[in-house]
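Asker: Quick one: structure below, then a few questions.
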Amino acid sequence: MDTPPAAAAAAAVTPAEGSFPSFLLLACGTLVAALLMAAHRLGLFYQLMHKVDEASVWHGGENVAAVLKAHGVRFVFTLVGGHISSVLVACEKLGIRVVDTRHEVTAVFAADAVARLSGTVGVAAVTAGPGLTNTVTAVKNAQVAQSPILLLGGAASTLLQKRGALQAIDQMSLFRPLCKFCASVRRVRDIVPTLRAAMAAAQSGTPGPVFVELPVDVLYPYFMVQKEVVPAIPPKGLMGRVTTWYLQNCLANLFAGAWEPQPEGPLPLDIPQASPLQVQCCVEILSRAKRPLLLLGSQALLPPTPPNKLRAAVETLGVPCFLGGMARGLLGRSHPLHIRQNRSAALKKADVVILAGTVCDFRLSYGRVLSRRSKIIIINRSREEMLLNSDIFWKPQEAVQGDVGSFMLKLVEGLQGQTWATDWLEELREADRQKEQTYREKAVRSVAQHLNPVRVLQLVEEILPDNSLLVVDGGDFVATAAYLIRPRGPLRWLDPGAFGTLGVGAGFALGAKLCQPDAEVWCLFGDGAFGYSLIEFDTFVRHKIPVIALIGNDAGWTQISREQVPRLGSNVACGLAYTDYHKAAIGLGTRGLLLSRENEDQVVKVLCDGQQQCRDGHPVVVNILIGRTDFRDGSISV
């Protein structure tokens, strides 16, 4: 039967009419969801359950200081700025020593030194904008050196960011490529959990720098921020009222729940560990070795393994070893297992090589110094570093991602006292003796002018006390010292690391002396590098921090000119002057001494005089005029 036309038309209209309530319901639901989302973003729900204490004079800087104190932080390095003043004042009140420097980069270098020597997080706080940009080199150096540091940076208030405020830049984008963890605190109540997470991130996995941005309005008391945010005289009109409500709500959300109790102490750390199966595989490989060799790098000295336990493990293992980075000095001044010279030749002869925290980067010629016949065991917390260049120049027999120190303890335990024939060790030691004889011969040669740097450094080596801690900052002079100066114990040598940064000296010395006040801190500077650190001797004087600096002054950027002149035929931009750095230092309040050919027979006496003045509490600068030798001919600086 055919449907009548009227009925068909009615049937056609019915779905459209029925869809209108559904559309209305969808629109209403979307509107409600948007309103709920807006209310959440404005903090309205949170404010219903957490009130604002408008009468409190407490400020966010005190939350920052409380977290640092709970994490055992003893020093905060800084160059003062209005954005961070509340943090510094709060730290001082809690007994955290605030040490101000003359450049922000020095503050971060000092924090780096504290991190390396104490096994905790080093902390620096700097002001917004240029204060932060001044730290970039030091933060990158810490990233490459895998030093756990916390950088606290001031910032424009949350409401004024991207509105042309003083010193306001996109700081987060600047530091994300440099740091493991970056966060910007937007509410006072977030300070504590953000800092706890940052401190844990700095030390977990592969350690490194972290950055927390602290806008100025989360650091100051409610009444101060209120004066800046909310107009004293409310504007008239609907738009003015809406704006005032918005600002008042932002203020309330900023401080809601700000002073409620929160846990402040350290979070658990995530430190990778080698599996028992991996350890056993390495035990089996090493047990069959005839000519084993161990290369220990900086990661070996990371917590949780104490240096004394690591040293005992290396001694028990009995394998000849080379020490680099922070591992320098692990075995003391003259341990029979410690081989110092001819590393490339030794690597070519070894049948099993253990790279414990050592990376196949430029320092190992990207892996090309390793023999294809050798079985390579590599241990590193970072998988990326562990396998660097393994697709080109070398292949690991066993690659273990884990903590180096813990692995070494387990490896020794698995070998159960196995020993190796002494002829391999004696062969390496004989090569060491021959190389060191050539150094002695170079030390007695005359130079065209001033003093022979090889001889000077040999004399320094002879008078260094057992409690000396060496900070090195420079090119040619420092590279020469690396062959001649022997650290007296573990954690007694500080160099910039793989980034090769000049300018670390003053900051490292500052952090080192504060961290180990009983140590005698000796700084070895090239004259070029000393230019970065000179003004910080004012910092040493003001804070009564005695260190002794030796400047190898050869009036030039010699590490560069050594290859630039023969290759390109010009010394352009490589020349400096035999500057009276000791007089400049005297002007800053330190003790200054001069060594040159005129008092060549008094080198030891002058050094000992400087040492005594340092022991009496004075920073000392010894300006040593040196000539040029062929000691490092053939070295490269790129």
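Each chain in the structure tokens gets a letter, A, B and so on, in the order shown; residues start at 1 in every chain, and ligands are counted from 1 in the order they appear.
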Just want the 9 Å neighbourhood of Pro465 of chain A, counted on only C-alpha atoms, with same-chain residues fewer than 4 positions away dropped. Output as a list in words.
Answerer: Glu461, Arg488 and Glu520 of chain A
Asker: Could you please take those selected residues and save C-alpha atoms as a PDB file, in the first residue's frame?
Answerer:
ATOM      1  CA  GLU A 461     105.203  18.232  42.522  1.00  0.00           C
ATOM      2  CA  ARG A 488      97.694  12.845  46.483  1.00  0.00           C
ATOM      3  CA  GLU A 520      95.339  23.090  50.766  1.00  0.00           C
TER       4      GLU A 520
END
Asker: Hey, what does DSSP flag as alpha helix (DSSP H) within segment 440-535 of chain A? Can you give it to me as a PyMOL selection string?
Answerer: chain A and resi 440-443+453-463+476-484+505-515+527-533
Asker: Taking C-alpha atoms for each residue, export the selection above as a compact mmCIF listing (two decimals), in the first residue's frame.
Answerer:
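And here's again-v8.txt as it stands now:
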# COMPACT_ATOMS: atom_id res chain seq x y z
CA ARG A 440 113.53 14.73 33.53
CA GLU A 441 115.80 15.40 30.57
CA LYS A 442 113.45 18.09 29.25
CA ALA A 443 113.35 19.72 32.67
CA PRO A 453 107.89 25.19 32.88
CA VAL A 454 108.73 21.49 33.08
CA ARG A 455 111.28 22.15 35.80
CA VAL A 456 108.92 24.48 37.68
CA LEU A 457 106.16 21.87 37.69
CA GLN A 458 108.54 19.17 38.87
CA LEU A 459 109.43 21.38 41.84
CA VAL A 460 105.74 21.99 42.53
CA GLU A 461 105.20 18.23 42.52
CA GLU A 462 107.95 17.82 45.11
CA ILE A 463 106.52 20.32 47.61
CA ASP A 476 99.50 24.37 27.47
CA PHE A 477 100.76 24.89 31.04
CA VAL A 478 97.95 22.83 32.56
CA ALA A 479 98.26 20.05 29.97
CA THR A 480 101.95 19.82 30.84
CA ALA A 481 101.07 19.68 34.53
CA ALA A 482 98.71 16.76 33.89
CA TYR A 483 101.74 14.64 32.98
CA LEU A 484 103.93 15.80 35.87
CA GLY A 505 89.53 27.97 38.06
CA ALA A 506 88.21 30.52 40.55
CA GLY A 507 84.79 28.90 40.85
CA PHE A 508 86.23 25.42 41.29
CA ALA A 509 88.71 26.68 43.88
CA LEU A 510 85.95 28.51 45.75
CA GLY A 511 83.73 25.45 45.93
CA ALA A 512 86.65 23.14 46.73
CA LYS A 513 87.95 25.14 49.68
CA LEU A 514 84.48 25.56 51.18
CA CYS A 515 83.72 21.89 50.69
CA ASP A 527 97.96 33.10 31.83
CA GLY A 528 95.14 33.21 29.28
CA ALA A 529 92.74 31.34 31.55
CA PHE A 530 93.69 33.44 34.57
CA GLY A 531 92.11 36.45 32.91
CA TYR A 532 88.69 34.92 33.55
CA SER A 533 89.36 34.40 37.26
Asker: Which one of A:Asp270, A:Glu104, A:Glu264, A:Glu385 sits closest to Pro304 of chain A if you count only C-alpha atoms?
Answerer: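 Nearest to Pro304 of chain A: A:Asp270.
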Asker: Please report, as a Markdown table, each residue of segment 272-330 of chain A lying at most 12 Å from segment 390-408 of chain A, together with the nearest pair of atoms and the separation in Å rounded to one decimal; use only C-alpha atoms, and order rows by chain and ascending residue number.
Answerer:
| residue | atom | partner | partner_atom | distance |
| --- | --- | --- | --- | --- |
| A:Pro272 | CA | A:Gly402 | CA | 4.6 |
| A:Gln273 | CA | A:Gly402 | CA | 4.2 |
| A:Ala274 | CA | A:Gly402 | CA | 4.9 |
| A:Ser275 | CA | A:Val400 | CA | 8.4 |
| A:Pro276 | CA | A:Phe407 | CA | 9.7 |
| A:Leu277 | CA | A:Val400 | CA | 10.4 |
| A:Gln278 | CA | A:Val400 | CA | 6.8 |
| A:Val279 | CA | A:Phe407 | CA | 7.3 |
| A:Gln280 | CA | A:Glu398 | CA | 10.7 |
| A:Cys281 | CA | A:Glu398 | CA | 7.7 |
| A:Cys282 | CA | A:Glu398 | CA | 6.9 |
| A:Val283 | CA | A:Met408 | CA | 10.5 |
| A:Glu284 | CA | A:Glu398 | CA | 11.0 |
| A:Ile285 | CA | A:Gln397 | CA | 8.7 |
| A:Leu286 | CA | A:Glu398 | CA | 11.0 |
| A:Leu294 | CA | A:Met408 | CA | 10.6 |
| A:Leu295 | CA | A:Val404 | CA | 11.4 |
| A:Leu296 | CA | A:Val404 | CA | 8.9 |
| A:Gly297 | CA | A:Val404 | CA | 9.1 |
| A:Ser298 | CA | A:Val404 | CA | 9.4 |
| A:Gln299 | CA | A:Val404 | CA | 6.3 |
| A:Ala300 | CA | A:Gly405 | CA | 4.9 |
| A:Leu301 | CA | A:Gly405 | CA | 6.7 |
| A:Leu302 | CA | A:Gly405 | CA | 7.2 |
| A:Pro303 | CA | A:Gly405 | CA | 7.9 |
| A:Pro304 | CA | A:Ser406 | CA | 7.7 |
| A:Thr305 | CA | A:Gly405 | CA | 5.5 |
| A:Pro306 | CA | A:Gly405 | CA | 8.3 |
| A:Pro307 | CA | A:Gly405 | CA | 8.7 |
| A:Asn308 | CA | A:Gly405 | CA | 10.9 |
| A:Lys309 | CA | A:Gly405 | CA | 8.8 |
| A:Leu310 | CA | A:Gly405 | CA | 6.3 |
| A:Arg311 | CA | A:Gly405 | CA | 9.8 |
| A:Ala312 | CA | A:Met408 | CA | 10.2 |
| A:Ala313 | CA | A:Met408 | CA | 6.8 |
| A:Val314 | CA | A:Met408 | CA | 7.7 |
| A:Glu315 | CA | A:Met408 | CA | 11.1 |
| A:Thr316 | CA | A:Met408 | CA | 10.5 |
| A:Leu317 | CA | A:Met408 | CA | 9.0 |
| A:Val319 | CA | A:Met408 | CA | 11.9 |
| A:Ala327 | CA | A:Gly405 | CA | 11.0 |
Asker: Please write the residues from the selection above to a file, keeping C-alpha atoms, as a compact mmCIF listing (two decimals), in the first residue's frame.
Answerer:
# COMPACT_ATOMS: atom_id res chain seq x y z
CA PRO A 272 70.83 2.01 37.22
CA GLN A 273 72.55 -1.20 38.26
CA ALA A 274 74.17 -3.99 36.28
CA SER A 275 72.25 -7.26 36.31
CA PRO A 276 73.85 -10.34 37.93
CA LEU A 277 73.97 -12.01 34.50
CA GLN A 278 75.90 -9.07 33.00
CA VAL A 279 78.35 -9.10 35.89
CA GLN A 280 78.89 -12.83 35.51
CA CYS A 281 79.57 -12.48 31.76
CA CYS A 282 82.19 -9.84 32.52
CA VAL A 283 83.74 -12.04 35.20
CA GLU A 284 84.12 -14.85 32.69
CA ILE A 285 85.69 -12.57 30.07
CA LEU A 286 88.17 -11.07 32.51
CA LEU A 294 91.34 -0.93 33.32
CA LEU A 295 90.42 2.65 32.42
CA LEU A 296 88.52 4.45 35.18
CA GLY A 297 86.67 7.70 34.46
CA SER A 298 84.74 10.26 36.46
CA GLN A 299 81.56 8.17 36.80
CA ALA A 300 83.45 5.70 38.97
CA LEU A 301 83.57 8.30 41.75
CA LEU A 302 79.82 8.94 41.85
CA PRO A 303 77.80 7.93 44.91
CA PRO A 304 76.78 5.56 46.33
CA THR A 305 80.21 3.83 46.28
CA PRO A 306 82.67 5.62 48.62
CA PRO A 307 86.13 6.29 47.12
CA ASN A 308 87.88 4.16 49.74
CA LYS A 309 85.77 1.11 48.82
CA LEU A 310 86.41 1.67 45.13
CA ARG A 311 90.13 1.96 45.75
CA ALA A 312 90.12 -1.28 47.75
CA ALA A 313 88.27 -3.01 44.91
CA VAL A 314 90.78 -1.81 42.30
CA GLU A 315 93.67 -2.96 44.47
CA THR A 316 92.05 -6.35 45.00
CA LEU A 317 91.39 -6.68 41.27
CA VAL A 319 94.68 -5.03 36.99
CA ALA A 327 89.21 9.30 39.09
Asker: I'd like the interatomic distance between atom CA of Gly627 of chain A and atom CA of Ile586 of chain A, to a tenth of an Å.
Answerer: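 About the pair atom CA of Gly627 of chain A and atom CA of Ile586 of chain A: they are 24.1 Å apart.
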